[in-house]
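S.K.: My file is input_9.pdb. It has PDB, C-alpha atoms:
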```pdb
ATOM      1  CA  HIS A   1      -2.919  92.347 -33.180  1.00  0.00           C
ATOM      2  CA  HIS A   2      -1.810  91.372 -29.665  1.00  0.00           C
ATOM      3  CA  LEU A   3      -5.234  89.931 -28.922  1.00  0.00           C
ATOM      4  CA  VAL A   4      -4.922  87.418 -31.787  1.00  0.00           C
ATOM      5  CA  PHE A   5      -1.428  86.446 -30.659  1.00  0.00           C
ATOM      6  CA  THR A   6      -2.578  86.098 -27.042  1.00  0.00           C
ATOM      7  CA  LEU A   7      -5.575  83.995 -28.043  1.00  0.00           C
ATOM      8  CA  GLY A   8      -3.372  81.756 -30.202  1.00  0.00           C
ATOM      9  CA  ALA A   9      -0.837  81.356 -27.398  1.00  0.00           C
ATOM     10  CA  PHE A  10      -3.599  80.546 -24.914  1.00  0.00           C
ATOM     11  CA  ILE A  11      -5.062  77.876 -27.198  1.00  0.00           C
ATOM     12  CA  PHE A  12      -1.586  76.425 -27.786  1.00  0.00           C
ATOM     13  CA  VAL A  13      -0.791  76.325 -24.062  1.00  0.00           C
ATOM     14  CA  ALA A  14      -4.181  74.764 -23.284  1.00  0.00           C
ATOM     15  CA  ILE A  15      -4.121  72.081 -25.992  1.00  0.00           C
ATOM     16  CA  VAL A  16      -0.480  70.935 -26.022  1.00  0.00           C
ATOM     17  CA  PRO A  17      -0.472  69.456 -22.472  1.00  0.00           C
ATOM     18  CA  ILE A  18      -3.720  67.573 -23.127  1.00  0.00           C
ATOM     19  CA  VAL A  19      -2.399  66.102 -26.372  1.00  0.00           C
ATOM     20  CA  TRP A  20       0.902  65.217 -24.700  1.00  0.00           C
ATOM     21  CA  LEU A  21      -0.869  63.483 -21.786  1.00  0.00           C
ATOM     22  CA  LYS A  22      -3.083  61.476 -24.146  1.00  0.00           C
ATOM     23  CA  LYS A  23      -0.023  60.388 -26.114  1.00  0.00           C
ATOM     24  CA  GLN A  24       1.774  59.350 -22.912  1.00  0.00           C
ATOM     25  CA  LYS A  25      -1.302  57.413 -21.752  1.00  0.00           C
ATOM     26  CA  THR A  26      -1.547  55.579 -25.080  1.00  0.00           C
ATOM     27  CA  LYS A  27       2.180  54.829 -24.989  1.00  0.00           C
ATOM     28  CA  ARG A  28       1.897  53.426 -21.454  1.00  0.00           C
ATOM     29  CA  LEU A  29      -1.120  51.290 -22.368  1.00  0.00           C
ATOM     30  CA  ASP A  30       0.662  49.913 -25.440  1.00  0.00           C
ATOM     31  CA  LYS A  31       3.720  49.029 -23.357  1.00  0.00           C
ATOM     32  CA  PHE A  32       1.491  47.363 -20.745  1.00  0.00           C
ATOM     33  CA  GLU A  33      -0.231  45.245 -23.372  1.00  0.00           C
ATOM     34  CA  GLU A  34       3.129  44.349 -24.883  1.00  0.00           C
ATOM     35  CA  GLN A  35       4.423  43.177 -21.490  1.00  0.00           C
ATOM     36  CA  LEU A  36       1.274  41.258 -20.498  1.00  0.00           C
ATOM     37  CA  PRO A  37       2.044  37.976 -22.352  1.00  0.00           C
ATOM     38  CA  GLU A  38       5.504  37.856 -20.773  1.00  0.00           C
ATOM     39  CA  ALA A  39       3.995  38.504 -17.335  1.00  0.00           C
ATOM     40  CA  LEU A  40       1.494  35.691 -17.855  1.00  0.00           C
ATOM     41  CA  GLN A  41       4.304  33.328 -18.840  1.00  0.00           C
ATOM     42  CA  MET A  42       6.216  34.348 -15.724  1.00  0.00           C
ATOM     43  CA  MET A  43       3.151  33.689 -13.580  1.00  0.00           C
ATOM     44  CA  THR A  44       2.704  30.298 -15.278  1.00  0.00           C
ATOM     45  CA  ARG A  45       6.265  29.292 -14.446  1.00  0.00           C
ATOM     46  CA  ALA A  46       5.853  30.456 -10.844  1.00  0.00           C
ATOM     47  CA  LEU A  47       2.572  28.545 -10.443  1.00  0.00           C
ATOM     48  CA  ARG A  48       4.175  25.394 -11.819  1.00  0.00           C
ATOM     49  CA  THR A  49       6.979  25.632  -9.275  1.00  0.00           C
ATOM     50  CA  GLY A  50       4.458  25.805  -6.452  1.00  0.00           C
ATOM     51  CA  TYR A  51       3.998  29.467  -5.630  1.00  0.00           C
ATOM     52  CA  PRO A  52       0.487  30.627  -4.684  1.00  0.00           C
ATOM     53  CA  PHE A  53      -1.306  33.033  -7.005  1.00  0.00           C
ATOM     54  CA  SER A  54      -0.721  36.138  -4.876  1.00  0.00           C
ATOM     55  CA  GLU A  55       3.017  35.448  -4.775  1.00  0.00           C
ATOM     56  CA  CYS A  56       3.000  35.141  -8.574  1.00  0.00           C
ATOM     57  CA  MET A  57       1.599  38.656  -8.699  1.00  0.00           C
ATOM     58  CA  LYS A  58       4.414  39.812  -6.410  1.00  0.00           C
ATOM     59  CA  ILE A  59       7.032  38.112  -8.593  1.00  0.00           C
ATOM     60  CA  VAL A  60       5.738  39.945 -11.663  1.00  0.00           C
ATOM     61  CA  SER A  61       5.780  43.237  -9.768  1.00  0.00           C
ATOM     62  CA  THR A  62       9.387  42.796  -8.651  1.00  0.00           C
ATOM     63  CA  GLU A  63      10.922  41.169 -11.730  1.00  0.00           C
ATOM     64  CA  MET A  64       9.394  43.128 -14.601  1.00  0.00           C
ATOM     65  CA  SER A  65       9.768  46.761 -15.605  1.00  0.00           C
ATOM     66  CA  GLU A  66       7.265  49.597 -15.651  1.00  0.00           C
ATOM     67  CA  PRO A  67       4.290  49.911 -16.242  1.00  0.00           C
ATOM     68  CA  ILE A  68       3.253  46.313 -15.606  1.00  0.00           C
ATOM     69  CA  SER A  69       5.291  46.007 -12.418  1.00  0.00           C
ATOM     70  CA  GLN A  70       3.539  48.988 -10.863  1.00  0.00           C
ATOM     71  CA  GLU A  71       0.031  47.781 -11.747  1.00  0.00           C
ATOM     72  CA  PHE A  72       0.616  44.198 -10.631  1.00  0.00           C
ATOM     73  CA  GLY A  73       2.283  45.496  -7.459  1.00  0.00           C
ATOM     74  CA  MET A  74      -0.707  47.649  -6.589  1.00  0.00           C
ATOM     75  CA  THR A  75      -3.068  44.751  -7.253  1.00  0.00           C
ATOM     76  CA  TYR A  76      -0.904  42.427  -5.155  1.00  0.00           C
ATOM     77  CA  GLU A  77      -0.986  44.882  -2.258  1.00  0.00           C
ATOM     78  CA  GLU A  78      -4.755  45.243  -2.520  1.00  0.00           C
ATOM     79  CA  ILE A  79      -5.214  41.448  -2.447  1.00  0.00           C
ATOM     80  CA  ASN A  80      -2.636  41.073   0.321  1.00  0.00           C
ATOM     81  CA  TYR A  81      -4.382  43.664   2.506  1.00  0.00           C
ATOM     82  CA  GLY A  82      -7.665  41.782   2.283  1.00  0.00           C
ATOM     83  CA  ARG A  83      -9.473  43.215  -0.705  1.00  0.00           C
ATOM     84  CA  ASN A  84     -11.556  40.756  -2.698  1.00  0.00           C
ATOM     85  CA  ILE A  85      -9.750  39.525  -5.824  1.00  0.00           C
ATOM     86  CA  GLU A  86     -12.649  40.520  -8.094  1.00  0.00           C
ATOM     87  CA  VAL A  87     -12.591  44.062  -6.739  1.00  0.00           C
ATOM     88  CA  ALA A  88      -8.790  44.254  -7.002  1.00  0.00           C
ATOM     89  CA  PHE A  89      -8.890  43.203 -10.650  1.00  0.00           C
ATOM     90  CA  ALA A  90     -11.782  45.594 -11.352  1.00  0.00           C
ATOM     91  CA  LEU A  91      -9.691  48.445  -9.973  1.00  0.00           C
ATOM     92  CA  MET A  92      -6.736  47.317 -12.077  1.00  0.00           C
ATOM     93  CA  ILE A  93      -8.944  47.300 -15.181  1.00  0.00           C
ATOM     94  CA  GLN A  94     -10.192  50.753 -14.272  1.00  0.00           C
ATOM     95  CA  ARG A  95      -6.594  52.016 -14.087  1.00  0.00           C
ATOM     96  CA  VAL A  96      -5.526  50.177 -17.261  1.00  0.00           C
ATOM     97  CA  PRO A  97      -8.458  49.836 -19.670  1.00  0.00           C
ATOM     98  CA  SER A  98      -7.089  46.949 -21.727  1.00  0.00           C
ATOM     99  CA  LEU A  99      -9.100  44.258 -23.475  1.00  0.00           C
ATOM    100  CA  SER A 100      -6.277  41.770 -22.865  1.00  0.00           C
ATOM    101  CA  LEU A 101      -6.306  42.541 -19.146  1.00  0.00           C
ATOM    102  CA  ILE A 102     -10.079  42.073 -19.021  1.00  0.00           C
ATOM    103  CA  ALA A 103      -9.707  38.645 -20.653  1.00  0.00           C
ATOM    104  CA  MET A 104      -6.950  37.679 -18.211  1.00  0.00           C
ATOM    105  CA  SER A 105      -8.805  38.807 -15.108  1.00  0.00           C
ATOM    106  CA  THR A 106     -12.054  37.165 -16.219  1.00  0.00           C
ATOM    107  CA  ALA A 107     -10.262  33.871 -16.817  1.00  0.00           C
ATOM    108  CA  ILE A 108      -8.553  34.045 -13.413  1.00  0.00           C
ATOM    109  CA  ILE A 109     -11.797  34.841 -11.582  1.00  0.00           C
ATOM    110  CA  ILE A 110     -13.703  32.057 -13.356  1.00  0.00           C
ATOM    111  CA  GLN A 111     -10.898  29.579 -12.695  1.00  0.00           C
ATOM    112  CA  ARG A 112     -10.787  30.481  -9.001  1.00  0.00           C
ATOM    113  CA  GLU A 113     -14.538  29.888  -8.716  1.00  0.00           C
ATOM    114  CA  THR A 114     -14.689  26.655 -10.713  1.00  0.00           C
ATOM    115  CA  GLY A 115     -11.243  25.198 -10.119  1.00  0.00           C
ATOM    116  CA  GLY A 116      -8.780  23.797 -12.618  1.00  0.00           C
ATOM    117  CA  ASN A 117      -5.241  24.372 -13.735  1.00  0.00           C
ATOM    118  CA  LEU A 118      -4.579  28.109 -13.559  1.00  0.00           C
ATOM    119  CA  SER A 119      -1.091  27.840 -15.054  1.00  0.00           C
ATOM    120  CA  GLU A 120      -2.495  26.188 -18.172  1.00  0.00           C
ATOM    121  CA  VAL A 121      -5.178  28.867 -18.516  1.00  0.00           C
ATOM    122  CA  LEU A 122      -2.604  31.657 -18.188  1.00  0.00           C
ATOM    123  CA  LEU A 123      -0.312  29.969 -20.701  1.00  0.00           C
ATOM    124  CA  LYS A 124      -3.144  29.699 -23.257  1.00  0.00           C
ATOM    125  CA  ILE A 125      -4.064  33.364 -22.760  1.00  0.00           C
ATOM    126  CA  SER A 126      -0.418  34.307 -23.230  1.00  0.00           C
ATOM    127  CA  GLU A 127      -0.227  32.335 -26.488  1.00  0.00           C
ATOM    128  CA  VAL A 128      -3.408  33.990 -27.789  1.00  0.00           C
ATOM    129  CA  LEU A 129      -2.102  37.456 -26.905  1.00  0.00           C
ATOM    130  CA  ASN A 130       1.243  36.756 -28.598  1.00  0.00           C
ATOM    131  CA  GLY A 131      -0.572  35.608 -31.737  1.00  0.00           C
ATOM    132  CA  ARG A 132      -2.735  38.717 -31.669  1.00  0.00           C
ATOM    133  CA  PHE A 133       0.303  41.000 -31.409  1.00  0.00           C
ATOM    134  CA  LYS A 134       2.022  39.224 -34.302  1.00  0.00           C
ATOM    135  CA  LEU A 135      -1.075  39.755 -36.434  1.00  0.00           C
ATOM    136  CA  GLN A 136      -1.292  43.427 -35.433  1.00  0.00           C
ATOM    137  CA  ARG A 137       2.381  43.973 -36.329  1.00  0.00           C
ATOM    138  CA  ARG A 138       1.854  42.321 -39.697  1.00  0.00           C
ATOM    139  CA  ILE A 139      -1.186  44.488 -40.396  1.00  0.00           C
ATOM    140  CA  LYS A 140       0.777  47.628 -39.459  1.00  0.00           C
ATOM    141  CA  THR A 141       3.598  46.593 -41.779  1.00  0.00           C
ATOM    142  CA  LEU A 142       1.277  45.963 -44.702  1.00  0.00           C
ATOM    143  CA  SER A 143      -0.659  49.180 -44.156  1.00  0.00           C
ATOM    144  CA  ALA A 144       2.573  51.189 -43.902  1.00  0.00           C
ATOM    145  CA  ASP A 145       3.651  49.680 -47.221  1.00  0.00           C
ATOM    146  CA  GLY A 146       0.337  50.746 -48.772  1.00  0.00           C
ATOM    147  CA  ILE A 147       0.620  54.262 -47.365  1.00  0.00           C
ATOM    148  CA  PHE A 148       4.171  54.590 -48.718  1.00  0.00           C
ATOM    149  CA  SER A 149       2.986  53.480 -52.163  1.00  0.00           C
ATOM    150  CA  ALA A 150       0.141  55.995 -52.026  1.00  0.00           C
ATOM    151  CA  TRP A 151       2.570  58.846 -51.238  1.00  0.00           C
ATOM    152  CA  ILE A 152       4.767  57.852 -54.150  1.00  0.00           C
ATOM    153  CA  MET A 153       1.774  57.764 -56.492  1.00  0.00           C
ATOM    154  CA  LEU A 154       0.641  61.148 -55.174  1.00  0.00           C
ATOM    155  CA  LEU A 155       4.005  62.874 -55.514  1.00  0.00           C
ATOM    156  CA  LEU A 156       5.038  61.298 -58.839  1.00  0.00           C
ATOM    157  CA  PRO A 157       2.859  63.534 -61.077  1.00  0.00           C
ATOM    158  CA  LEU A 158       3.855  66.655 -59.141  1.00  0.00           C
ATOM    159  CA  SER A 159       7.562  65.891 -59.341  1.00  0.00           C
ATOM    160  CA  LEU A 160       7.275  64.973 -63.039  1.00  0.00           C
ATOM    161  CA  PHE A 161       5.496  68.291 -63.675  1.00  0.00           C
ATOM    162  CA  ALA A 162       8.242  70.182 -61.833  1.00  0.00           C
ATOM    163  CA  VAL A 163      11.036  68.406 -63.768  1.00  0.00           C
ATOM    164  CA  MET A 164       9.348  69.092 -67.102  1.00  0.00           C
ATOM    165  CA  ASN A 165       8.926  72.782 -66.285  1.00  0.00           C
ATOM    166  CA  ILE A 166      12.565  73.098 -65.230  1.00  0.00           C
ATOM    167  CA  ALA A 167      13.792  71.274 -68.347  1.00  0.00           C
ATOM    168  CA  ALA A 168      11.645  73.326 -70.726  1.00  0.00           C
TER     169      ALA A 168
END
```
Could you show the structure in this file as C-alpha coordinates?
M.R.:
Amino acid sequence: HHLVFTLGAFIFVAIVPIVWLKKQKTKRLDKFEEQLPEALQMMTRALRTGYPFSECMKIVSTEMSEPISQEFGMTYEEINYGRNIEVAFALMIQRVPSLSLIAMSTAIIIQRETGGNLSEVLLKISEVLNGRFKLQRRIKTLSADGIFSAWIMLLLPLSLFAVMNIAA
(Lines of atoms letter the chains of each structure in order from A and count residues from 1; the text may use other names and numbers.)
(Lines give C-alpha, C1' and ligand atoms only; values in the text may rest on other atoms or scores of the structure.)
Protein backbone atom coordinates (compact mmCIF):
# COMPACT_ATOMS: atom_id res chain seq x y z
CA HIS A 1 0.00 0.00 0.00
CA HIS A 2 2.85 2.38 0.85
CA LEU A 3 4.66 1.45 -2.35
CA VAL A 4 1.73 2.66 -4.49
CA PHE A 5 1.52 5.90 -2.51
CA THR A 6 5.28 6.42 -2.77
CA LEU A 7 5.27 5.76 -6.50
CA GLY A 8 2.36 8.17 -7.00
CA ALA A 9 4.08 10.85 -4.92
CA PHE A 10 7.32 10.37 -6.85
CA ILE A 11 5.55 10.72 -10.20
CA PHE A 12 3.71 13.81 -8.93
CA VAL A 13 6.91 15.43 -7.65
CA ALA A 14 8.73 14.61 -10.90
CA ILE A 15 6.03 15.83 -13.30
CA VAL A 16 4.67 18.96 -11.59
CA PRO A 17 7.91 21.02 -11.84
CA ILE A 18 8.32 20.13 -15.52
CA VAL A 19 4.75 21.13 -16.33
CA TRP A 20 5.12 24.33 -14.30
CA LEU A 21 8.36 25.26 -16.10
CA LYS A 22 6.81 24.64 -19.52
CA LYS A 23 3.85 26.82 -18.58
CA GLN A 24 6.16 29.60 -17.37
CA LYS A 25 8.21 29.37 -20.59
CA THR A 26 5.08 29.61 -22.74
CA LYS A 27 3.83 32.54 -20.67
CA ARG A 28 7.16 34.35 -21.07
CA LEU A 29 7.23 33.72 -24.83
CA ASP A 30 3.66 34.99 -25.21
CA LYS A 31 4.50 38.15 -23.26
CA PHE A 32 7.63 38.66 -25.39
CA GLU A 33 5.65 38.36 -28.61
CA GLU A 34 3.02 40.72 -27.23
CA GLN A 35 5.68 43.33 -26.42
CA LEU A 36 7.60 42.99 -29.71
CA PRO A 37 5.42 45.33 -31.85
CA GLU A 38 5.69 48.05 -29.20
CA ALA A 39 9.46 47.58 -29.06
CA LEU A 40 9.69 47.87 -32.84
CA GLN A 41 7.66 51.09 -32.75
CA MET A 42 9.97 52.43 -30.05
CA MET A 43 13.01 51.56 -32.16
CA THR A 44 11.39 53.24 -35.18
CA ARG A 45 10.87 56.46 -33.24
CA ALA A 46 14.45 56.36 -31.95
CA LEU A 47 15.86 55.77 -35.45
CA ARG A 48 13.84 58.67 -36.81
CA THR A 49 15.27 60.99 -34.17
CA GLY A 50 18.79 60.05 -35.18
CA TYR A 51 19.92 57.35 -32.79
CA PRO A 52 22.09 54.54 -34.21
CA PHE A 53 20.67 51.02 -34.28
CA SER A 54 22.64 49.75 -31.27
CA GLU A 55 21.39 52.65 -29.15
CA CYS A 56 17.83 51.81 -30.19
CA MET A 57 18.39 48.35 -28.75
CA LYS A 58 19.62 49.94 -25.52
CA ILE A 59 16.57 52.22 -25.36
CA VAL A 60 14.25 49.23 -25.64
CA SER A 61 16.19 47.41 -22.93
CA THR A 62 15.96 50.33 -20.51
CA GLU A 63 12.46 51.62 -21.23
CA MET A 64 10.41 48.44 -21.55
CA SER A 65 9.54 45.78 -19.00
CA GLU A 66 10.52 42.14 -18.77
CA PRO A 67 11.02 39.86 -20.73
CA ILE A 68 11.77 41.97 -23.80
CA SER A 69 14.03 44.37 -21.92
CA GLN A 70 16.26 41.54 -20.73
CA GLU A 71 16.58 39.93 -24.18
CA PHE A 72 17.23 43.20 -26.01
CA GLY A 73 19.69 44.20 -23.28
CA MET A 74 21.66 40.99 -23.67
CA THR A 75 21.70 41.40 -27.44
CA TYR A 76 22.78 45.03 -27.11
CA GLU A 77 25.66 44.01 -24.84
CA GLU A 78 26.74 41.28 -27.25
CA ILE A 79 26.76 43.75 -30.18
CA ASN A 80 28.44 46.42 -28.06
CA TYR A 81 31.23 44.06 -27.01
CA GLY A 82 32.06 43.26 -30.62
CA ARG A 83 29.97 40.25 -31.52
CA ASN A 84 28.69 40.14 -35.08
CA ILE A 85 25.07 41.31 -35.36
CA GLU A 86 24.00 38.12 -37.16
CA VAL A 87 25.45 35.98 -34.38
CA ALA A 88 23.89 38.19 -31.68
CA PHE A 89 20.45 37.87 -33.26
CA ALA A 90 20.93 34.11 -33.75
CA LEU A 91 21.65 33.77 -30.04
CA MET A 92 18.60 35.88 -29.24
CA ILE A 93 16.46 33.62 -31.44
CA GLN A 94 17.93 30.59 -29.72
CA ARG A 95 16.93 32.02 -26.32
CA VAL A 96 13.48 33.14 -27.54
CA PRO A 97 12.22 30.86 -30.31
CA SER A 98 9.66 33.23 -31.81
CA LEU A 99 8.58 33.41 -35.43
CA SER A 100 8.03 37.16 -35.07
CA LEU A 101 11.57 37.62 -33.76
CA ILE A 102 12.97 35.60 -36.66
CA ALA A 103 11.12 37.85 -39.12
CA MET A 104 12.40 40.98 -37.37
CA SER A 105 16.01 39.85 -37.20
CA THR A 106 16.00 38.66 -40.81
CA ALA A 107 14.64 42.00 -41.98
CA ILE A 108 17.24 43.91 -39.95
CA ILE A 109 20.13 41.78 -41.25
CA ILE A 110 18.97 42.08 -44.87
CA GLN A 111 18.48 45.83 -44.51
CA ARG A 112 21.95 46.28 -43.01
CA GLU A 113 23.49 44.40 -45.95
CA THR A 114 21.49 46.08 -48.72
CA GLY A 115 20.77 49.49 -47.22
CA GLY A 116 17.50 51.37 -47.03
CA ASN A 117 15.26 52.89 -44.43
CA LEU A 118 15.40 50.67 -41.35
CA SER A 119 12.78 52.66 -39.45
CA GLU A 120 10.25 52.09 -42.23
CA VAL A 121 11.01 48.36 -42.30
CA LEU A 122 10.58 48.08 -38.53
CA LEU A 123 7.34 50.06 -38.65
CA LYS A 124 5.91 47.74 -41.34
CA ILE A 125 6.90 44.65 -39.34
CA SER A 126 5.24 46.16 -36.27
CA GLU A 127 2.02 46.80 -38.20
CA VAL A 128 2.00 43.22 -39.53
CA LEU A 129 2.56 41.80 -36.04
CA ASN A 130 -0.22 43.96 -34.58
CA GLY A 131 -2.59 42.76 -37.30
CA ARG A 132 -1.61 39.17 -36.63
CA PHE A 133 -2.29 39.53 -32.90
CA LYS A 134 -5.70 41.09 -33.57
CA LEU A 135 -6.59 38.15 -35.79
CA GLN A 136 -5.37 35.64 -33.19
CA ARG A 137 -7.46 37.34 -30.47
CA ARG A 138 -10.52 37.26 -32.70
CA ILE A 139 -10.00 33.57 -33.45
CA LYS A 140 -9.63 32.82 -29.72
CA THR A 141 -12.84 34.71 -28.99
CA LEU A 142 -14.80 32.87 -31.65
CA SER A 143 -13.44 29.48 -30.65
CA ALA A 144 -14.22 30.16 -26.97
CA ASP A 145 -17.78 31.01 -27.99
CA GLY A 146 -18.02 27.70 -29.87
CA ILE A 147 -16.61 25.74 -26.94
CA PHE A 148 -19.09 27.38 -24.55
CA SER A 149 -21.97 26.47 -26.88
CA ALA A 150 -20.71 22.89 -27.07
CA TRP A 151 -20.66 22.60 -23.26
CA ILE A 152 -24.20 23.90 -23.05
CA MET A 153 -25.36 21.41 -25.68
CA LEU A 154 -23.55 18.62 -23.84
CA LEU A 155 -24.94 19.42 -20.40
CA LEU A 156 -28.50 20.29 -21.49
CA PRO A 157 -29.71 16.67 -21.93
CA LEU A 158 -28.07 15.60 -18.67
CA SER A 159 -29.59 18.45 -16.68
CA LEU A 160 -33.00 17.90 -18.31
CA PHE A 161 -32.80 14.20 -17.38
CA ALA A 162 -31.92 15.10 -13.78
CA VAL A 163 -34.80 17.61 -13.50
CA MET A 164 -37.30 15.12 -14.90
CA ASN A 165 -36.18 12.42 -12.47
CA ILE A 166 -36.44 14.80 -9.51
CA ALA A 167 -39.89 16.02 -10.60
CA ALA A 168 -41.26 12.52 -11.17
S.K.: Contacts between stretch 11-28 of chain A and stretch 50-80 of chain A, please, where a residue of stretch 50-80 of chain A counts if it comes within 12 Å (with all atoms listed in the file); show its shortest atom pair and distance in Å to one decimal, rows by chain and ascending number, as JSON lines.
M.R.:
```
{"residue": "A:Ser65", "atom": "CA", "partner": "A:Arg28", "partner_atom": "CA", "distance": 11.9}
{"residue": "A:Glu66", "atom": "CA", "partner": "A:Arg28", "partner_atom": "CA", "distance": 8.8}
{"residue": "A:Pro67", "atom": "CA", "partner": "A:Arg28", "partner_atom": "CA", "distance": 6.7}
{"residue": "A:Ile68", "atom": "CA", "partner": "A:Arg28", "partner_atom": "CA", "distance": 9.3}
{"residue": "A:Gln70", "atom": "CA", "partner": "A:Arg28", "partner_atom": "CA", "distance": 11.6}
{"residue": "A:Glu71", "atom": "CA", "partner": "A:Arg28", "partner_atom": "CA", "distance": 11.4}
```
S.K.: Please expand the PyMOL selection byres ((chain A and resi 108) around 10) into the concrete residues it hits in this file, giving the result as number ranges by chain.
M.R.: A: 53, 85-86, 89, 102-107, 109-115, 118-119, 121-122
S.K.: Next, dump the selected residues to file, keeping only C-alpha atoms, as an mmCIF file, keeping the file's coordinate frame.
M.R.:
```
data_model
loop_
_atom_site.group_PDB
_atom_site.id
_atom_site.type_symbol
_atom_site.label_atom_id
_atom_site.label_comp_id
_atom_site.auth_asym_id
_atom_site.auth_seq_id
_atom_site.Cartn_x
_atom_site.Cartn_y
_atom_site.Cartn_z
ATOM 1 C CA PHE A 53 -1.306 33.033 -7.005
ATOM 2 C CA ILE A 85 -9.750 39.525 -5.824
ATOM 3 C CA GLU A 86 -12.649 40.520 -8.094
ATOM 4 C CA PHE A 89 -8.890 43.203 -10.650
ATOM 5 C CA ILE A 102 -10.079 42.073 -19.021
ATOM 6 C CA ALA A 103 -9.707 38.645 -20.653
ATOM 7 C CA MET A 104 -6.950 37.679 -18.211
ATOM 8 C CA SER A 105 -8.805 38.807 -15.108
ATOM 9 C CA THR A 106 -12.054 37.165 -16.219
ATOM 10 C CA ALA A 107 -10.262 33.871 -16.817
ATOM 11 C CA ILE A 109 -11.797 34.841 -11.582
ATOM 12 C CA ILE A 110 -13.703 32.057 -13.356
ATOM 13 C CA GLN A 111 -10.898 29.579 -12.695
ATOM 14 C CA ARG A 112 -10.787 30.481 -9.001
ATOM 15 C CA GLU A 113 -14.538 29.888 -8.716
ATOM 16 C CA THR A 114 -14.689 26.655 -10.713
ATOM 17 C CA GLY A 115 -11.243 25.198 -10.119
ATOM 18 C CA LEU A 118 -4.579 28.109 -13.559
ATOM 19 C CA SER A 119 -1.091 27.840 -15.054
ATOM 20 C CA VAL A 121 -5.178 28.867 -18.516
ATOM 21 C CA LEU A 122 -2.604 31.657 -18.188
#
```
S.K.: List, as a list in words, every residue that the PyMOL selection byres ((chain A and resi 34) around 12) selects in the file provided.
M.R.: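 So the PyMOL selection byres ((chain A and resi 34) around 12) ends up selecting Lys27, Arg28, Leu29, Asp30, Lys31, Phe32, Glu33, Gln35, Leu36, Pro37, Glu38, Ala39, Leu40, Ser65, Glu66, Pro67, Ile68, Ser98, Ser100, Leu101, Ser126, Leu129, Asn130, Gly131, Arg132, Phe133, Lys134, Gln136 and Arg137 of chain A.
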S.K.: Save the residues we just selected, C-alpha atoms, as a short mmCIF file (atom, residue, chain, number, x, y, z; two decimals), in the frame of the given file?
M.R.:
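Here's the written file selection_7.cif:
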```
data_model
loop_
_atom_site.label_atom_id
_atom_site.label_comp_id
_atom_site.auth_asym_id
_atom_site.auth_seq_id
_atom_site.Cartn_x
_atom_site.Cartn_y
_atom_site.Cartn_z
CA LYS A 27 2.18 54.83 -24.99
CA ARG A 28 1.90 53.43 -21.45
CA LEU A 29 -1.12 51.29 -22.37
CA ASP A 30 0.66 49.91 -25.44
CA LYS A 31 3.72 49.03 -23.36
CA PHE A 32 1.49 47.36 -20.74
CA GLU A 33 -0.23 45.24 -23.37
CA GLN A 35 4.42 43.18 -21.49
CA LEU A 36 1.27 41.26 -20.50
CA PRO A 37 2.04 37.98 -22.35
CA GLU A 38 5.50 37.86 -20.77
CA ALA A 39 4.00 38.50 -17.34
CA LEU A 40 1.49 35.69 -17.86
CA SER A 65 9.77 46.76 -15.60
CA GLU A 66 7.26 49.60 -15.65
CA PRO A 67 4.29 49.91 -16.24
CA ILE A 68 3.25 46.31 -15.61
CA SER A 98 -7.09 46.95 -21.73
CA SER A 100 -6.28 41.77 -22.86
CA LEU A 101 -6.31 42.54 -19.15
CA SER A 126 -0.42 34.31 -23.23
CA LEU A 129 -2.10 37.46 -26.90
CA ASN A 130 1.24 36.76 -28.60
CA GLY A 131 -0.57 35.61 -31.74
CA ARG A 132 -2.74 38.72 -31.67
CA PHE A 133 0.30 41.00 -31.41
CA LYS A 134 2.02 39.22 -34.30
CA GLN A 136 -1.29 43.43 -35.43
CA ARG A 137 2.38 43.97 -36.33
#
```
S.K.: Quick one: distance from atom CA of A:Met43 to atom CA of A:Gln94 in Å, one decimal?
M.R.: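 It comes out at 21.7 Å.
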S.K.: One decimal, Å: what's the distance from atom CA of A:Asn117 over to atom CA of A:Val60, could you say?
M.R.: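 Distance between the two atoms: 19.2 Å.
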S.K.: Could you jot down the atom CA of A:Lys124 to atom CA of A:Ser143 separation for me, Å, one decimal place?
M.R.: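 Those two atoms sit 28.7 Å apart.
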S.K.: Given 5 Å of margin on each side, can you work out the centre and size in Å (one decimal) of an axis-aligned box holding every listed atom of stretch 18-24 of chain A, as AutoDock Vina command-line options?
M.R.:
```
--center_x -1.0 --center_y 63.5 --center_z -24.1 --size_x 15.5 --size_y 18.2 --size_z 14.6
```
S.K.: Looking at all atoms listed in the file, which of A:Ile147, A:Ile152, A:Val163, A:Ile59 is the one that sits closest to A:Gly73?
M.R.: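 Closest to A:Gly73 of all the choices is A:Ile59.
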